[in-house]
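Text of start.pdb (PDB, C-alpha atoms) as supplied:
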ATOM      1  CA  MET V   7     -51.092 320.948 251.667  1.00  0.00           C
ATOM      2  CA  LYS V   8     -52.907 317.612 251.838  1.00  0.00           C
ATOM      3  CA  GLY V   9     -55.796 318.916 249.732  1.00  0.00           C
ATOM      4  CA  ASP V  10     -53.470 319.877 246.890  1.00  0.00           C
ATOM      5  CA  GLU V  11     -52.039 316.375 246.811  1.00  0.00           C
ATOM      6  CA  GLY V  12     -55.487 314.793 246.611  1.00  0.00           C
ATOM      7  CA  MET V  13     -56.551 317.165 243.843  1.00  0.00           C
ATOM      8  CA  SER V  14     -53.380 316.387 241.905  1.00  0.00           C
ATOM      9  CA  LYS V  15     -54.088 312.656 242.114  1.00  0.00           C
ATOM     10  CA  LEU V  16     -57.664 313.219 240.984  1.00  0.00           C
ATOM     11  CA  ILE V  17     -56.534 315.264 237.981  1.00  0.00           C
ATOM     12  CA  ALA V  18     -53.947 312.608 237.098  1.00  0.00           C
ATOM     13  CA  LEU V  19     -56.651 309.926 237.281  1.00  0.00           C
ATOM     14  CA  ILE V  20     -58.986 311.899 235.018  1.00  0.00           C
ATOM     15  CA  VAL V  21     -56.202 312.611 232.529  1.00  0.00           C
ATOM     16  CA  GLY V  22     -55.216 308.945 232.495  1.00  0.00           C
ATOM     17  CA  ALA V  23     -58.817 307.852 231.942  1.00  0.00           C
ATOM     18  CA  TRP V  24     -59.211 310.332 229.078  1.00  0.00           C
ATOM     19  CA  ILE V  25     -55.989 309.138 227.429  1.00  0.00           C
ATOM     20  CA  MET V  26     -57.135 305.528 227.792  1.00  0.00           C
ATOM     21  CA  TYR V  27     -60.517 306.378 226.260  1.00  0.00           C
ATOM     22  CA  CYS V  28     -58.934 308.243 223.346  1.00  0.00           C
ATOM     23  CA  SER V  29     -56.540 305.365 222.742  1.00  0.00           C
ATOM     24  CA  MET V  30     -59.359 302.802 222.734  1.00  0.00           C
ATOM     25  CA  ILE V  31     -61.366 304.697 220.115  1.00  0.00           C
ATOM     26  CA  GLY V  32     -58.260 305.514 218.060  1.00  0.00           C
ATOM     27  CA  SER V  33     -58.362 309.281 218.571  1.00  0.00           C
ATOM     28  CA  TYR V  34     -54.718 309.854 219.364  1.00  0.00           C
ATOM     29  CA  ASP V  35     -54.916 313.612 218.733  1.00  0.00           C
ATOM     30  CA  GLY V  36     -57.242 313.963 221.745  1.00  0.00           C
ATOM     31  CA  ALA V  37     -54.822 312.000 223.910  1.00  0.00           C
ATOM     32  CA  MET V  38     -51.880 314.100 222.778  1.00  0.00           C
ATOM     33  CA  ALA V  39     -53.779 317.355 223.334  1.00  0.00           C
ATOM     34  CA  ILE V  40     -54.675 316.477 226.936  1.00  0.00           C
ATOM     35  CA  LEU V  41     -51.086 315.353 227.563  1.00  0.00           C
ATOM     36  CA  ALA V  42     -49.837 318.712 226.285  1.00  0.00           C
ATOM     37  CA  VAL V  43     -52.240 320.616 228.563  1.00  0.00           C
ATOM     38  CA  TYR V  44     -51.325 318.453 231.556  1.00  0.00           C
ATOM     39  CA  PHE V  45     -47.616 318.904 230.807  1.00  0.00           C
ATOM     40  CA  LEU V  46     -48.038 322.682 230.744  1.00  0.00           C
ATOM     41  CA  LEU V  47     -49.919 322.605 234.051  1.00  0.00           C
ATOM     42  CA  VAL V  48     -47.202 320.496 235.670  1.00  0.00           C
ATOM     43  CA  VAL V  49     -44.368 322.655 234.328  1.00  0.00           C
ATOM     44  CA  LEU V  50     -45.913 326.080 234.882  1.00  0.00           C
ATOM     45  CA  ASP V  51     -47.543 325.516 238.289  1.00  0.00           C
ATOM     46  CA  PRO V  52     -44.293 325.353 240.304  1.00  0.00           C
ATOM     47  CA  LEU V  53     -43.101 328.484 238.505  1.00  0.00           C
ATOM     48  CA  ASN V  54     -46.153 330.380 239.785  1.00  0.00           C
ATOM     49  CA  LYS V  55     -45.594 329.170 243.349  1.00  0.00           C
ATOM     50  CA  LYS V  56     -41.921 330.156 243.470  1.00  0.00           C
ATOM     51  CA  GLY V  57     -42.681 333.856 243.544  1.00  0.00           C
ATOM     52  CA  THR V  58     -39.799 335.087 241.455  1.00  0.00           C
ATOM     53  CA  THR V  59     -39.054 338.794 241.415  1.00  0.00           C
ATOM     54  CA  ALA V  60     -40.237 339.063 237.820  1.00  0.00           C
ATOM     55  CA  ALA V  61     -43.575 337.488 238.727  1.00  0.00           C
ATOM     56  CA  ASN V  62     -43.905 339.708 241.804  1.00  0.00           C
ATOM     57  CA  SER V  63     -43.226 342.858 239.799  1.00  0.00           C
ATOM     58  CA  ARG V  64     -45.951 341.926 237.307  1.00  0.00           C
ATOM     59  CA  THR V  65     -48.539 341.262 240.002  1.00  0.00           C
ATOM     60  CA  ASP V  66     -47.796 344.421 241.992  1.00  0.00           C
ATOM     61  CA  LYS V  67     -48.945 346.700 239.173  1.00  0.00           C
TER      62      LYS V  67
END

I'd like the structure from this file rewritten - as structure tokens, please.
Amino acid sequence: MKGDEGMSKLIALIVGAWIMYCSMIGSYDGAMAILAVYFLLVVLDPLNKKGTTAANSRTDK
């Protein structure tokens, strides 16, 4: 469990650095794109770990 937490912090650091870089050069579309990808990862990751019956039925096939 500890390794997942460290990886999450590393990803957050990289995402933050990328957003800062994009903001400094004025490329706000790059910052928004990485925020959208990060948001999807944050929202969808717990859904994969829950193991709902719908997800289990799809993976059993």

Could you name the residues that touch Ile40 of chain V at 10 Å or less, counting all atoms listed in the file, but leaving out those on the same chain fewer than 3 positions away, as a list in words?
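Those residues are Val21, Gly22, Trp24, Ile25, Cys28, Asp35, Gly36, Ala37, Val43, Tyr44, Phe45 and Leu46 of chain V.
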
Just the number, please: distance in Å from atom CA of Lys15 of chain V to atom CA of Gly32 of chain V, one decimal.
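Computing it gives 25.4 Å between the two atoms.
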
Can you tell me how far atom CA of Met13 of chain V sits from atom CA of Tyr34 of chain V, in Å to one decimal?
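Atom CA of Met13 of chain V sits 25.6 Å away from atom CA of Tyr34 of chain V.
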
Two-atom distance - atom CA of Met26 of chain V, atom CA of Glu11 of chain V (Å):
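Taking atom CA of Met26 of chain V as the start and atom CA of Glu11 of chain V as the end point, the length is 22.5 Å.
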
Is it possible to add N, CA, C and O atoms to segment 30-47 of chain V and hand it back as a PDB file, in the coordinates of the input?
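Result file follows (selection-v8.pdb):
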ATOM      1  N   MET V  30     -58.462 303.906 223.088  1.00  0.00           N
ATOM      2  CA  MET V  30     -59.359 302.802 222.734  1.00  0.00           C
ATOM      3  C   MET V  30     -60.175 303.112 221.492  1.00  0.00           C
ATOM      4  O   MET V  30     -60.453 302.214 220.700  1.00  0.00           O
ATOM      5  N   ILE V  31     -60.567 304.372 221.298  1.00  0.00           N
ATOM      6  CA  ILE V  31     -61.366 304.697 220.115  1.00  0.00           C
ATOM      7  C   ILE V  31     -60.495 305.131 218.938  1.00  0.00           C
ATOM      8  O   ILE V  31     -61.000 305.416 217.865  1.00  0.00           O
ATOM      9  N   GLY V  32     -59.179 305.192 219.156  1.00  0.00           N
ATOM     10  CA  GLY V  32     -58.260 305.514 218.060  1.00  0.00           C
ATOM     11  C   GLY V  32     -58.094 306.996 217.796  1.00  0.00           C
ATOM     12  O   GLY V  32     -57.612 307.392 216.747  1.00  0.00           O
ATOM     13  N   SER V  33     -58.486 307.836 218.733  1.00  0.00           N
ATOM     14  CA  SER V  33     -58.362 309.281 218.571  1.00  0.00           C
ATOM     15  C   SER V  33     -57.114 309.763 219.307  1.00  0.00           C
ATOM     16  O   SER V  33     -57.190 310.291 220.414  1.00  0.00           O
ATOM     17  N   TYR V  34     -55.982 309.551 218.689  1.00  0.00           N
ATOM     18  CA  TYR V  34     -54.718 309.854 219.364  1.00  0.00           C
ATOM     19  C   TYR V  34     -54.458 311.355 219.466  1.00  0.00           C
ATOM     20  O   TYR V  34     -53.695 311.779 220.320  1.00  0.00           O
ATOM     21  N   ASP V  35     -55.104 312.159 218.619  1.00  0.00           N
ATOM     22  CA  ASP V  35     -54.916 313.612 218.733  1.00  0.00           C
ATOM     23  C   ASP V  35     -55.537 314.139 220.025  1.00  0.00           C
ATOM     24  O   ASP V  35     -54.991 315.046 220.658  1.00  0.00           O
ATOM     25  N   GLY V  36     -56.636 313.563 220.475  1.00  0.00           N
ATOM     26  CA  GLY V  36     -57.242 313.963 221.745  1.00  0.00           C
ATOM     27  C   GLY V  36     -56.348 313.599 222.918  1.00  0.00           C
ATOM     28  O   GLY V  36     -56.209 314.362 223.872  1.00  0.00           O
ATOM     29  N   ALA V  37     -55.724 312.431 222.840  1.00  0.00           N
ATOM     30  CA  ALA V  37     -54.822 312.000 223.910  1.00  0.00           C
ATOM     31  C   ALA V  37     -53.593 312.895 223.958  1.00  0.00           C
ATOM     32  O   ALA V  37     -53.129 313.270 225.038  1.00  0.00           O
ATOM     33  N   MET V  38     -53.071 313.253 222.814  1.00  0.00           N
ATOM     34  CA  MET V  38     -51.880 314.100 222.778  1.00  0.00           C
ATOM     35  C   MET V  38     -52.205 315.518 223.245  1.00  0.00           C
ATOM     36  O   MET V  38     -51.396 316.156 223.916  1.00  0.00           O
ATOM     37  N   ALA V  39     -53.394 316.005 222.917  1.00  0.00           N
ATOM     38  CA  ALA V  39     -53.779 317.355 223.334  1.00  0.00           C
ATOM     39  C   ALA V  39     -53.896 317.431 224.857  1.00  0.00           C
ATOM     40  O   ALA V  39     -53.399 318.380 225.472  1.00  0.00           O
ATOM     41  N   ILE V  40     -54.524 316.437 225.483  1.00  0.00           N
ATOM     42  CA  ILE V  40     -54.675 316.477 226.936  1.00  0.00           C
ATOM     43  C   ILE V  40     -53.327 316.284 227.615  1.00  0.00           C
ATOM     44  O   ILE V  40     -53.065 316.871 228.666  1.00  0.00           O
ATOM     45  N   LEU V  41     -52.433 315.489 227.015  1.00  0.00           N
ATOM     46  CA  LEU V  41     -51.086 315.353 227.563  1.00  0.00           C
ATOM     47  C   LEU V  41     -50.339 316.679 227.505  1.00  0.00           C
ATOM     48  O   LEU V  41     -49.622 317.031 228.442  1.00  0.00           O
ATOM     49  N   ALA V  42     -50.503 317.414 226.411  1.00  0.00           N
ATOM     50  CA  ALA V  42     -49.837 318.712 226.285  1.00  0.00           C
ATOM     51  C   ALA V  42     -50.353 319.692 227.338  1.00  0.00           C
ATOM     52  O   ALA V  42     -49.574 320.412 227.963  1.00  0.00           O
ATOM     53  N   VAL V  43     -51.664 319.722 227.552  1.00  0.00           N
ATOM     54  CA  VAL V  43     -52.240 320.616 228.563  1.00  0.00           C
ATOM     55  C   VAL V  43     -51.762 320.218 229.955  1.00  0.00           C
ATOM     56  O   VAL V  43     -51.370 321.070 230.762  1.00  0.00           O
ATOM     57  N   TYR V  44     -51.777 318.930 230.247  1.00  0.00           N
ATOM     58  CA  TYR V  44     -51.325 318.453 231.556  1.00  0.00           C
ATOM     59  C   TYR V  44     -49.846 318.767 231.767  1.00  0.00           C
ATOM     60  O   TYR V  44     -49.437 319.176 232.845  1.00  0.00           O
ATOM     61  N   PHE V  45     -49.037 318.594 230.721  1.00  0.00           N
ATOM     62  CA  PHE V  45     -47.616 318.904 230.807  1.00  0.00           C
ATOM     63  C   PHE V  45     -47.401 320.381 231.122  1.00  0.00           C
ATOM     64  O   PHE V  45     -46.583 320.735 231.968  1.00  0.00           O
ATOM     65  N   LEU V  46     -48.156 321.251 230.468  1.00  0.00           N
ATOM     66  CA  LEU V  46     -48.038 322.682 230.744  1.00  0.00           C
ATOM     67  C   LEU V  46     -48.448 323.016 232.175  1.00  0.00           C
ATOM     68  O   LEU V  46     -47.817 323.836 232.832  1.00  0.00           O
ATOM     69  N   LEU V  47     -49.499 322.375 232.668  1.00  0.00           N
ATOM     70  CA  LEU V  47     -49.919 322.605 234.051  1.00  0.00           C
ATOM     71  C   LEU V  47     -48.838 322.164 235.036  1.00  0.00           C
ATOM     72  O   LEU V  47     -48.558 322.846 236.014  1.00  0.00           O
TER      73      LEU V  47
END
